[in-house]
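Just model.csv here, CSV, C-alpha atoms:
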```csv
chain,number,residue,atom,x,y,z
A,2,MET,CA,24.9,10.1,-1.5
A,3,ASN,CA,25.1,13.9,-1.1
A,4,PHE,CA,21.8,15.4,-2.1
A,5,GLU,CA,22.8,19.0,-1.3
A,6,ARG,CA,24.1,21.4,-4.0
A,7,SER,CA,27.3,23.4,-3.6
A,8,ALA,CA,27.6,26.2,-0.9
A,9,GLY,CA,27.3,29.8,-1.9
A,10,ILE,CA,23.6,29.9,-2.7
A,11,THR,CA,20.7,30.4,-0.4
A,12,LYS,CA,18.8,27.6,1.2
A,13,HIS,CA,15.7,28.6,-0.8
A,14,GLU,CA,17.7,28.4,-4.0
A,15,LYS,CA,19.1,25.1,-3.1
A,16,GLU,CA,15.7,23.6,-2.5
A,17,ARG,CA,14.2,25.1,-5.7
A,18,ASN,CA,17.1,23.9,-7.8
A,19,TRP,CA,17.7,20.4,-6.4
A,20,GLU,CA,18.9,17.9,-8.9
A,21,ALA,CA,18.3,14.1,-8.7
A,22,PRO,CA,21.2,11.7,-8.3
A,23,SER,CA,22.0,9.5,-11.3
A,24,LEU,CA,20.6,6.0,-11.8
A,25,ARG,CA,24.0,4.6,-11.0
A,26,GLU,CA,24.0,6.4,-7.6
A,27,LEU,CA,20.5,5.2,-6.8
A,28,LYS,CA,21.4,1.6,-7.6
A,29,GLU,CA,24.6,1.8,-5.5
A,30,THR,CA,22.6,3.1,-2.4
A,31,GLU,CA,22.4,0.6,0.4
A,32,ASN,CA,18.7,-0.3,0.6
A,33,THR,CA,18.4,-3.7,2.4
A,34,PHE,CA,15.7,-5.8,4.1
A,35,GLN,CA,17.0,-4.9,7.5
A,36,GLN,CA,16.4,-1.2,7.0
A,37,TYR,CA,12.6,-1.8,7.0
A,38,GLN,CA,12.1,-3.7,10.2
A,39,THR,CA,9.1,-1.6,11.4
A,40,GLU,CA,7.3,-1.9,8.0
A,41,ILE,CA,8.0,-5.7,7.9
A,42,ALA,CA,6.9,-6.3,11.5
A,43,ASN,CA,3.7,-4.3,11.0
A,44,PHE,CA,3.0,-6.1,7.7
A,45,PHE,CA,3.5,-9.5,9.3
A,46,ARG,CA,1.2,-8.7,12.3
A,47,LEU,CA,-1.5,-7.3,10.0
A,48,ALA,CA,-1.2,-10.4,7.8
A,49,LEU,CA,-1.7,-12.7,10.8
A,50,LEU,CA,-4.7,-10.7,12.0
A,51,ASP,CA,-6.1,-10.8,8.5
A,52,LYS,CA,-5.6,-14.5,8.1
A,53,ILE,CA,-7.3,-15.2,11.4
A,54,LYS,CA,-10.3,-13.1,10.5
A,55,TYR,CA,-10.9,-14.4,7.1
A,56,LYS,CA,-9.8,-18.0,7.6
A,57,THR,CA,-8.5,-18.2,4.0
A,58,ALA,CA,-7.3,-21.8,4.1
A,59,GLU,CA,-6.9,-22.1,0.4
A,60,LEU,CA,-5.0,-18.8,0.0
A,61,GLY,CA,-2.7,-18.8,3.1
A,62,PHE,CA,-2.8,-15.1,4.0
A,63,PHE,CA,-5.7,-12.9,2.8
A,64,SER,CA,-5.2,-12.1,-0.9
A,65,ASP,CA,-5.6,-8.3,-0.3
A,66,ALA,CA,-2.5,-7.9,1.8
A,67,LYS,CA,-1.1,-5.6,-0.8
A,68,THR,CA,-3.2,-2.9,0.8
A,69,PHE,CA,-1.0,-3.2,3.9
A,70,PHE,CA,2.1,-2.7,1.9
A,71,GLN,CA,0.7,0.3,0.1
A,72,SER,CA,-0.3,2.2,3.3
A,73,PRO,CA,2.1,4.7,4.9
A,74,LEU,CA,0.7,3.5,8.3
A,75,ILE,CA,2.9,0.3,8.2
A,76,ALA,CA,5.9,2.6,8.9
A,77,ASP,CA,4.3,3.8,12.1
A,78,GLU,CA,6.3,2.6,15.2
A,79,ASN,CA,3.1,2.9,17.3
A,80,LEU,CA,0.6,1.4,14.9
A,81,PHE,CA,-0.4,-1.5,17.3
A,82,GLU,CA,-1.0,0.9,20.1
A,83,GLN,CA,-3.9,2.2,17.9
A,84,VAL,CA,-5.2,-0.9,16.2
A,85,SER,CA,-5.8,-4.5,17.4
A,86,SER,CA,-7.7,-5.8,14.3
A,87,VAL,CA,-7.6,-5.3,10.5
A,88,ASP,CA,-11.0,-3.5,10.7
A,89,GLU,CA,-9.4,-0.9,13.0
A,90,PHE,CA,-6.4,-0.6,10.6
A,91,PHE,CA,-8.7,0.0,7.7
A,92,GLU,CA,-10.7,2.7,9.6
A,93,LEU,CA,-7.5,4.4,10.7
A,94,ARG,CA,-6.2,4.3,7.1
A,95,LYS,CA,-9.4,5.6,5.7
A,96,PHE,CA,-10.0,8.6,8.0
A,97,ARG,CA,-6.6,9.9,9.0
A,98,ASP,CA,-5.8,13.4,7.6
A,99,ARG,CA,-8.9,13.4,5.5
A,100,THR,CA,-9.8,17.1,5.7
A,101,MET,CA,-8.5,19.6,3.1
A,102,SER,CA,-7.9,23.2,3.9
A,103,ALA,CA,-10.1,25.8,2.1
A,104,ASN,CA,-7.2,26.7,-0.2
A,105,GLU,CA,-6.4,23.0,-0.9
A,106,LYS,CA,-10.1,22.4,-1.7
A,107,LYS,CA,-10.1,25.3,-4.1
A,108,ARG,CA,-6.9,24.0,-5.8
A,109,HIS,CA,-8.5,20.5,-6.0
A,110,ASP,CA,-11.7,21.8,-7.7
A,111,ALA,CA,-9.6,23.8,-10.3
A,112,ALA,CA,-7.4,20.7,-10.9
A,113,PHE,CA,-10.3,18.4,-11.3
A,114,GLU,CA,-11.9,20.7,-13.8
A,115,LYS,CA,-8.6,20.8,-15.7
A,116,PHE,CA,-8.2,17.0,-15.6
A,117,SER,CA,-11.8,16.5,-16.8
A,118,SER,CA,-11.2,18.7,-19.8
A,119,ILE,CA,-8.1,16.7,-21.1
A,120,ASP,CA,-8.8,14.7,-24.3
A,121,ALA,CA,-9.1,11.0,-23.5
A,122,THR,CA,-8.8,7.7,-25.3
A,123,THR,CA,-9.5,4.0,-24.6
A,124,GLU,CA,-7.6,2.9,-27.7
A,125,PRO,CA,-4.8,0.5,-26.7
A,126,ARG,CA,-1.2,1.7,-27.0
A,127,TYR,CA,1.2,-1.1,-27.9
A,128,LYS,CA,4.9,-1.1,-26.9
A,129,GLY,CA,6.8,1.6,-28.7
A,130,GLU,CA,3.7,3.3,-30.1
A,131,TYR,CA,2.1,6.7,-29.4
A,132,ALA,CA,-1.2,7.1,-27.6
A,133,ALA,CA,-4.2,8.6,-29.4
A,134,ALA,CA,-4.8,11.3,-26.6
A,135,PRO,CA,-2.9,12.6,-23.6
A,136,LYS,CA,-5.4,10.9,-21.2
A,137,MET,CA,-5.5,7.1,-21.5
A,138,ARG,CA,-8.1,5.0,-19.8
A,139,VAL,CA,-6.7,1.4,-19.5
A,140,PRO,CA,-9.1,-1.4,-18.4
A,141,GLY,CA,-7.8,-2.9,-15.2
A,142,ALA,CA,-4.9,-0.4,-14.8
A,143,GLY,CA,-6.6,3.0,-14.4
A,144,THR,CA,-6.2,6.4,-16.0
A,145,PHE,CA,-2.8,7.7,-17.2
A,146,LEU,CA,-1.7,11.1,-18.4
A,147,THR,CA,1.0,10.9,-21.0
A,148,ASN,CA,3.1,13.0,-23.3
A,149,ILE,CA,3.5,10.1,-25.7
A,150,TYR,CA,0.7,11.0,-28.0
A,151,ARG,CA,0.3,12.4,-31.6
A,152,SER,CA,-0.4,16.1,-32.0
A,153,PRO,CA,0.3,18.6,-34.8
A,154,ASN,CA,3.2,20.3,-33.0
A,155,LYS,CA,4.8,17.2,-31.4
A,156,GLN,CA,8.4,16.7,-32.2
A,157,ALA,CA,9.9,13.3,-33.0
A,158,MET,CA,10.5,11.3,-29.8
A,159,THR,CA,12.9,8.5,-28.8
A,160,LEU,CA,10.5,6.4,-26.9
A,161,GLU,CA,11.9,4.4,-24.0
A,162,ASP,CA,10.8,1.2,-22.3
A,163,LYS,CA,9.3,2.5,-19.1
A,164,ARG,CA,11.3,0.3,-16.6
A,165,TYR,CA,11.3,2.7,-13.7
A,166,ARG,CA,8.8,4.3,-11.3
A,167,VAL,CA,8.9,7.5,-9.3
A,168,ASN,CA,6.4,7.1,-6.5
A,169,LEU,CA,5.0,9.9,-4.3
A,170,ALA,CA,3.0,9.3,-1.1
A,171,LEU,CA,0.1,11.6,-0.2
A,172,THR,CA,-2.2,12.0,2.7
A,173,HIS,CA,-5.9,12.9,2.6
A,174,ASP,CA,-5.4,16.6,3.2
A,175,ILE,CA,-3.5,16.9,-0.1
A,176,SER,CA,-5.5,16.8,-3.4
A,177,GLN,CA,-4.3,14.0,-5.6
A,178,PHE,CA,-5.8,15.8,-8.6
A,179,ARG,CA,-3.9,19.1,-8.1
A,180,VAL,CA,-0.6,17.1,-7.5
A,181,TRP,CA,-1.3,14.9,-10.5
A,182,THR,CA,-2.1,17.8,-12.9
A,183,ASP,CA,0.6,20.1,-11.6
A,184,LEU,CA,3.3,17.4,-12.0
A,185,TYR,CA,2.0,16.5,-15.4
A,186,GLU,CA,2.3,20.0,-16.7
A,187,SER,CA,5.8,20.3,-15.2
A,188,LEU,CA,7.0,17.0,-16.6
A,189,CYS,CA,5.6,18.0,-20.1
A,190,LYS,CA,7.8,21.1,-20.1
A,191,ASN,CA,11.0,19.2,-19.3
A,192,PRO,CA,13.1,18.8,-22.5
A,193,GLU,CA,14.4,15.3,-21.5
A,194,LEU,CA,11.0,14.0,-20.8
A,195,SER,CA,9.7,15.6,-24.0
A,196,LYS,CA,12.3,13.5,-25.8
A,197,TYR,CA,12.0,10.2,-24.1
A,198,GLY,CA,8.3,10.2,-22.8
A,199,PHE,CA,6.5,9.3,-19.6
A,200,ASP,CA,3.2,8.2,-18.1
A,201,ILE,CA,1.8,9.5,-14.8
A,202,LYS,CA,-1.2,8.2,-12.9
A,203,SER,CA,-2.8,8.6,-9.4
A,204,LEU,CA,-4.1,5.8,-7.2
A,205,GLY,CA,-5.7,8.1,-4.6
A,206,ASN,CA,-4.7,9.5,-1.3
A,207,ASN,CA,-3.1,8.1,1.8
A,208,ARG,CA,-1.0,5.6,-0.1
A,209,THR,CA,2.7,5.1,-0.5
A,210,ASP,CA,2.1,5.2,-4.3
A,211,ALA,CA,-0.6,7.9,-4.6
A,212,ILE,CA,1.2,9.3,-7.6
A,213,ILE,CA,3.3,7.1,-10.0
A,214,ILE,CA,5.5,8.3,-12.9
A,215,TYR,CA,6.6,5.6,-15.3
A,216,CYS,CA,9.6,6.3,-17.4
A,217,GLY,CA,12.8,4.9,-18.9
A,218,GLU,CA,16.5,5.1,-17.9
A,219,ASN,CA,17.3,8.3,-19.7
A,220,ALA,CA,14.2,10.1,-18.6
A,221,LEU,CA,14.4,9.0,-14.9
A,222,PRO,CA,16.7,11.7,-13.5
A,223,ALA,CA,14.5,14.5,-15.0
A,224,ALA,CA,11.3,12.8,-13.6
A,225,ILE,CA,12.9,12.6,-10.1
A,226,THR,CA,14.2,16.2,-10.3
A,227,GLU,CA,10.8,17.6,-11.3
A,228,THR,CA,9.0,15.7,-8.6
A,229,GLY,CA,11.6,16.5,-5.9
A,230,ASN,CA,11.5,20.2,-6.6
A,231,TYR,CA,7.7,20.1,-6.6
A,232,CYS,CA,7.8,18.4,-3.1
A,233,LEU,CA,10.2,21.1,-1.9
A,234,ALA,CA,8.2,24.0,-3.3
A,235,GLU,CA,4.9,22.7,-2.0
A,236,ASP,CA,6.3,21.2,1.2
A,237,ILE,CA,4.7,17.8,0.6
A,238,GLY,CA,6.0,14.3,0.8
A,239,HIS,CA,6.5,14.2,4.6
A,240,VAL,CA,5.0,10.7,4.9
A,241,SER,CA,6.6,7.2,4.5
A,242,GLY,CA,6.8,6.1,0.9
A,243,VAL,CA,6.9,2.7,-0.8
A,244,PRO,CA,8.8,0.2,1.3
A,245,PHE,CA,12.1,-1.0,-0.3
A,246,GLY,CA,12.1,2.1,-2.6
A,247,VAL,CA,15.0,4.5,-2.6
A,248,ALA,CA,14.3,8.0,-1.2
A,249,PRO,CA,16.6,10.4,-3.1
A,250,LEU,CA,15.2,13.6,-1.4
A,251,ALA,CA,15.1,12.3,2.2
A,252,LYS,CA,16.6,14.9,4.5
A,253,ASP,CA,16.5,14.5,8.3
A,254,GLY,CA,13.5,12.2,8.0
A,255,LYS,CA,11.6,14.6,5.7
A,256,PHE,CA,10.4,13.9,2.1
A,257,GLU,CA,10.4,10.2,2.6
A,258,GLY,CA,7.3,10.1,0.4
A,259,LEU,CA,9.3,10.3,-2.8
A,260,ARG,CA,10.6,6.8,-3.6
A,261,VAL,CA,12.2,5.4,-6.8
A,262,THR,CA,11.8,1.7,-7.8
A,263,SER,CA,11.9,-0.4,-10.9
A,264,THR,CA,9.0,-2.0,-12.8
A,265,PRO,CA,9.9,-5.7,-12.5
A,266,GLY,CA,7.9,-6.9,-15.6
A,267,ASP,CA,6.3,-10.2,-16.4
A,268,GLY,CA,2.9,-9.0,-15.1
A,269,PHE,CA,4.2,-7.9,-11.7
A,270,THR,CA,4.1,-4.4,-10.4
A,271,PHE,CA,6.8,-3.5,-7.8
A,272,ASN,CA,4.2,-3.8,-5.0
A,273,ASP,CA,2.9,-7.1,-6.3
A,274,LEU,CA,6.3,-8.6,-6.3
A,275,GLN,CA,7.3,-7.4,-2.8
A,276,THR,CA,3.9,-8.3,-1.3
A,277,THR,CA,4.1,-11.8,-2.7
A,278,ALA,CA,7.6,-12.4,-1.5
A,279,LEU,CA,6.8,-11.0,2.0
A,280,LEU,CA,3.7,-13.1,2.3
A,281,GLU,CA,5.6,-16.3,1.4
A,282,ALA,CA,8.2,-15.4,4.0
A,283,CYS,CA,5.6,-14.7,6.7
A,284,GLU,CA,3.7,-17.9,6.0
A,285,ALA,CA,6.9,-20.0,6.1
A,286,VAL,CA,7.9,-18.5,9.4
A,287,THR,CA,4.5,-19.0,10.9
A,288,ARG,CA,4.4,-22.7,9.9
A,289,THR,CA,7.8,-23.2,11.5
A,290,PHE,CA,6.7,-21.4,14.7
A,291,LEU,CA,3.7,-23.7,15.0
A,292,LYS,CA,5.9,-26.8,14.6
A,293,GLN,CA,8.4,-25.6,17.1
A,294,THR,CA,5.7,-24.9,19.7
A,295,GLY,CA,4.3,-28.4,19.3
A,296,SER,CA,0.9,-27.1,18.2
A,297,PRO,CA,-1.3,-29.9,16.8
A,298,LYS,CA,-3.0,-27.3,14.6
A,299,THR,CA,-2.0,-26.6,11.0
A,300,PHE,CA,-1.3,-23.1,9.7
A,301,GLU,CA,-4.8,-22.9,8.3
A,302,GLU,CA,-6.4,-23.9,11.6
A,303,ALA,CA,-4.3,-21.6,13.9
A,304,SER,CA,-6.2,-19.1,16.0
A,305,THR,CA,-5.2,-15.8,17.6
A,306,LYS,CA,-4.5,-17.7,20.9
A,307,ASP,CA,-2.2,-20.1,19.1
A,308,LEU,CA,-0.2,-17.2,17.7
A,309,GLU,CA,-0.1,-14.9,20.7
A,310,ASP,CA,3.6,-15.7,21.4
A,311,LEU,CA,4.5,-15.1,17.7
A,312,HIS,CA,2.7,-11.7,17.8
A,313,ALA,CA,4.9,-10.7,20.8
A,314,ILE,CA,8.1,-11.9,19.0
A,315,ILE,CA,7.1,-9.9,15.9
A,316,ALA,CA,6.3,-6.8,18.0
A,317,SER,CA,9.7,-6.9,19.6
A,318,LYS,CA,11.4,-7.1,16.2
A,319,ASP,CA,13.4,-10.1,17.5
A,320,PRO,CA,16.7,-10.2,15.6
A,321,VAL,CA,16.4,-14.0,15.1
A,322,LEU,CA,12.9,-13.6,13.6
A,323,ILE,CA,14.1,-10.8,11.3
A,324,ARG,CA,17.0,-12.9,10.1
A,325,ASP,CA,14.7,-15.8,9.4
A,326,LEU,CA,12.2,-13.6,7.6
A,327,ASN,CA,15.1,-12.1,5.6
A,328,ARG,CA,16.3,-15.6,4.6
A,329,ARG,CA,12.7,-16.7,3.6
A,330,TYR,CA,12.1,-13.5,1.7
A,331,ASN,CA,15.3,-13.8,-0.2
A,332,ILE,CA,14.3,-17.4,-1.3
A,333,ALA,CA,10.8,-16.2,-2.3
A,334,LEU,CA,12.1,-13.2,-4.2
A,335,ARG,CA,14.7,-15.2,-6.2
A,336,LYS,CA,12.0,-17.8,-7.0
A,337,ILE,CA,9.6,-15.1,-8.2
A,338,CYS,CA,12.3,-13.3,-10.2
A,339,GLY,CA,13.4,-16.6,-11.7
A,340,THR,CA,17.1,-16.1,-10.9
A,341,ARG,CA,19.7,-16.4,-8.1
A,342,ALA,CA,21.2,-13.1,-9.1
A,343,VAL,CA,18.7,-10.7,-7.4
A,344,ASP,CA,20.5,-7.6,-6.1
A,345,LEU,CA,19.9,-7.8,-2.3
A,346,HIS,CA,22.1,-4.7,-1.6
A,347,ASN,CA,19.3,-2.6,-3.1
A,348,LEU,CA,15.8,-4.1,-3.2
A,349,ALA,CA,14.3,-1.2,-5.2
A,350,PHE,CA,15.6,-2.7,-8.5
A,351,PRO,CA,14.7,-6.4,-8.8
A,352,THR,CA,14.3,-7.8,-12.3
A,353,ILE,CA,12.2,-10.7,-13.4
A,354,LYS,CA,14.0,-12.9,-15.9
A,355,LYS,CA,12.3,-14.0,-19.1
A,356,ALA,CA,11.7,-17.8,-19.3
A,357,GLU,CA,14.6,-18.3,-21.7
A,358,ASP,CA,17.0,-16.5,-19.3
A,359,LEU,CA,16.1,-18.5,-16.1
A,360,GLU,CA,19.1,-19.8,-14.1
A,361,TRP,CA,17.3,-22.5,-12.2
```
For the file at hand, write its structure as structure tokens.
Amino acid sequence: MNFERSAGITKHEKERNWEAPSLRELKETENTFQQYQTEIANFFRLALLDKIKYKTAELGFFSDAKTFFQSPLIADENLFEQVSSVDEFFELRKFRDRTMSANEKKRHDAAFEKFSSIDATTEPRYKGEYAAAPKMRVPGAGTFLTNIYRSPNKQAMTLEDKRYRVNLALTHDISQFRVWTDLYESLCKNPELSKYGFDIKSLGNNRTDAIIIYCGENALPAAITETGNYCLAEDIGHVSGVPFGVAPLAKDGKFEGLRVTSTPGDGFTFNDLQTTALLEACEAVTRTFLKQTGSPKTFEEASTKDLEDLHAIIASKDPVLIRDLNRRYNIALRKICGTRAVDLHNLAFPTIKKAEDLEW
């Protein structure tokens, strides 16, 4: 895809007037398992370390492995030169880039005050209905800001099923509240989003999905465009985003933090789905490795020493291992999605079939 606008305008104007590619272009982008070898290898090694520490025999790998997937650190080529245990990983994840500048702190305080003043509701909003207030607190899901609410001056809307997600990664030196409220105000002013609706929430800093915008097919290009131009204007998003998400604004390795994915459905978030499939693949490969080495120990009993050779193979991103992981992942992903028709050319857009549509 060509993300640059036509020649004849200044670089500054290009960046402030960037337009997102269409959904068709995003879906046609090559976005395969093999393109994320560093993230997959780091995820696998962390999962092994976690399993060894917590000895979760009944769960396979530790159930909180989703945290690994959601950290920008798993894209770090040199991660295991800095950590040798899951405890060190969590400390590094917690404290990296945690200090805000004085100006950023000032913007944070103003944004938090603005956020706190927004009318809130805990009333449930059912599919296709309006919210009672622009700030929704949803048990188990967090707090969302939305333009899908009733107000005296609100025009009629064509509400969409919010099947897509625009994710933005942030580090600790950037205020989640100022990005969250800035983007909310910008999105509310967009005529396409005013027509079709959106939700936006924040999950905190130093995450691949620190900011998430939920919207439908017609609203998606506008949501990406508004977010992309905000990244360009504020010079943020220079951190790895959601693995397997498409990065429409990526230029020379920059702005990787903006990633687009689908919302799979059936109770799964995108990260839930991918973490579950990856864990199943990692566990299957580990069990095979133990059998091939003639170890008398089961997967549940294996220690760090038993898995030292596997750690070395993972660290080298051995092509045979990656192919085996890819095969196992594909099997797991198809199983979870309930269909053999998962698009493996672009992993950002998997869809879970309804029970009556299953092809098994």
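Among the candidate residues A:Cys189, A:Ala220, A:Leu49, A:Ala111, the one lying nearest to Ser85 (chain A) is A:Leu49, with distances computed using all atoms listed in the file.
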Restricting the calculation to all atoms listed in the file: of A:Asn331, A:Ser86, A:Thr147, A:Thr123, which residue gets closest to Lys52 (chain A)? A:Ser86
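Each of A:His173, A:Leu221, A:Leu93, A:Thr276 was compared to Arg25 (chain A) using only C-alpha atoms, and A:Leu221 turns out to be the nearest.
For the atom pair formed by CA of Glu161 (chain A) and CA of Cys216 (chain A), the distance is 7.2 Å, given to one decimal.
Excluding Phe81 (chain A) itself and any same-chain residue fewer than 6 positions from it, the protein and nucleic acid residues within 12 Å of it, counting only C-alpha atoms, are Thr39, Ala42, Asn43, Phe44, Phe45, Arg46, Leu47, Leu50, Leu74, Ile75, Val87, Glu89, Phe90, Leu93, His312, Ala313, Ile315, Ala316 and Ser317 of chain A.
Minimum atom-to-atom distance to Ile212 (chain A), evaluated using all atoms listed in the file, belongs to A:Ala170 out of A:Ala170, A:Ala251, A:Ile41, A:Leu233.
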Which distance in Å separates CA of Lys196 (chain A) and CA of Leu259 (chain A), to one decimal? 23.4 Å
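Nearest-residue note for Asp77 (chain A): choosing from A:Ser241, A:Leu27, A:Pro192, A:Gly254, the minimum distance belongs to A:Ser241, counting only C-alpha atoms.
You will find CA of Ser203 (chain A) at 7.8 Å from CA of Phe178 (chain A).
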Give as a PyMOL selection string every residue, naming chains and numbers as the document does, that has an atom within 9 Å of (12.0, 11.2, -17.2), counting only C-alpha atoms. chain A and resi 188+191+193-199+214-227
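For the residues A:Met101, A:Ala48, A:Val247, A:Ala133, ranking by smallest atom-to-atom distance to His346 (chain A) using only C-alpha atoms places A:Val247 first.
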Region 212-254 of chain A near region 31-34 of chain A within 10 Å: what's each residue's closest atom pair and its distance in Å to one decimal, counting only C-alpha atoms, ordered by chain then ascending residue number, as JSON lines?
```
{"residue": "A:Pro244", "atom": "CA", "partner": "A:Phe34", "partner_atom": "CA", "distance": 9.6}
{"residue": "A:Phe245", "atom": "CA", "partner": "A:Asn32", "partner_atom": "CA", "distance": 6.7}
{"residue": "A:Gly246", "atom": "CA", "partner": "A:Asn32", "partner_atom": "CA", "distance": 7.7}
{"residue": "A:Val247", "atom": "CA", "partner": "A:Asn32", "partner_atom": "CA", "distance": 6.9}
{"residue": "A:Ala248", "atom": "CA", "partner": "A:Asn32", "partner_atom": "CA", "distance": 9.6}
```
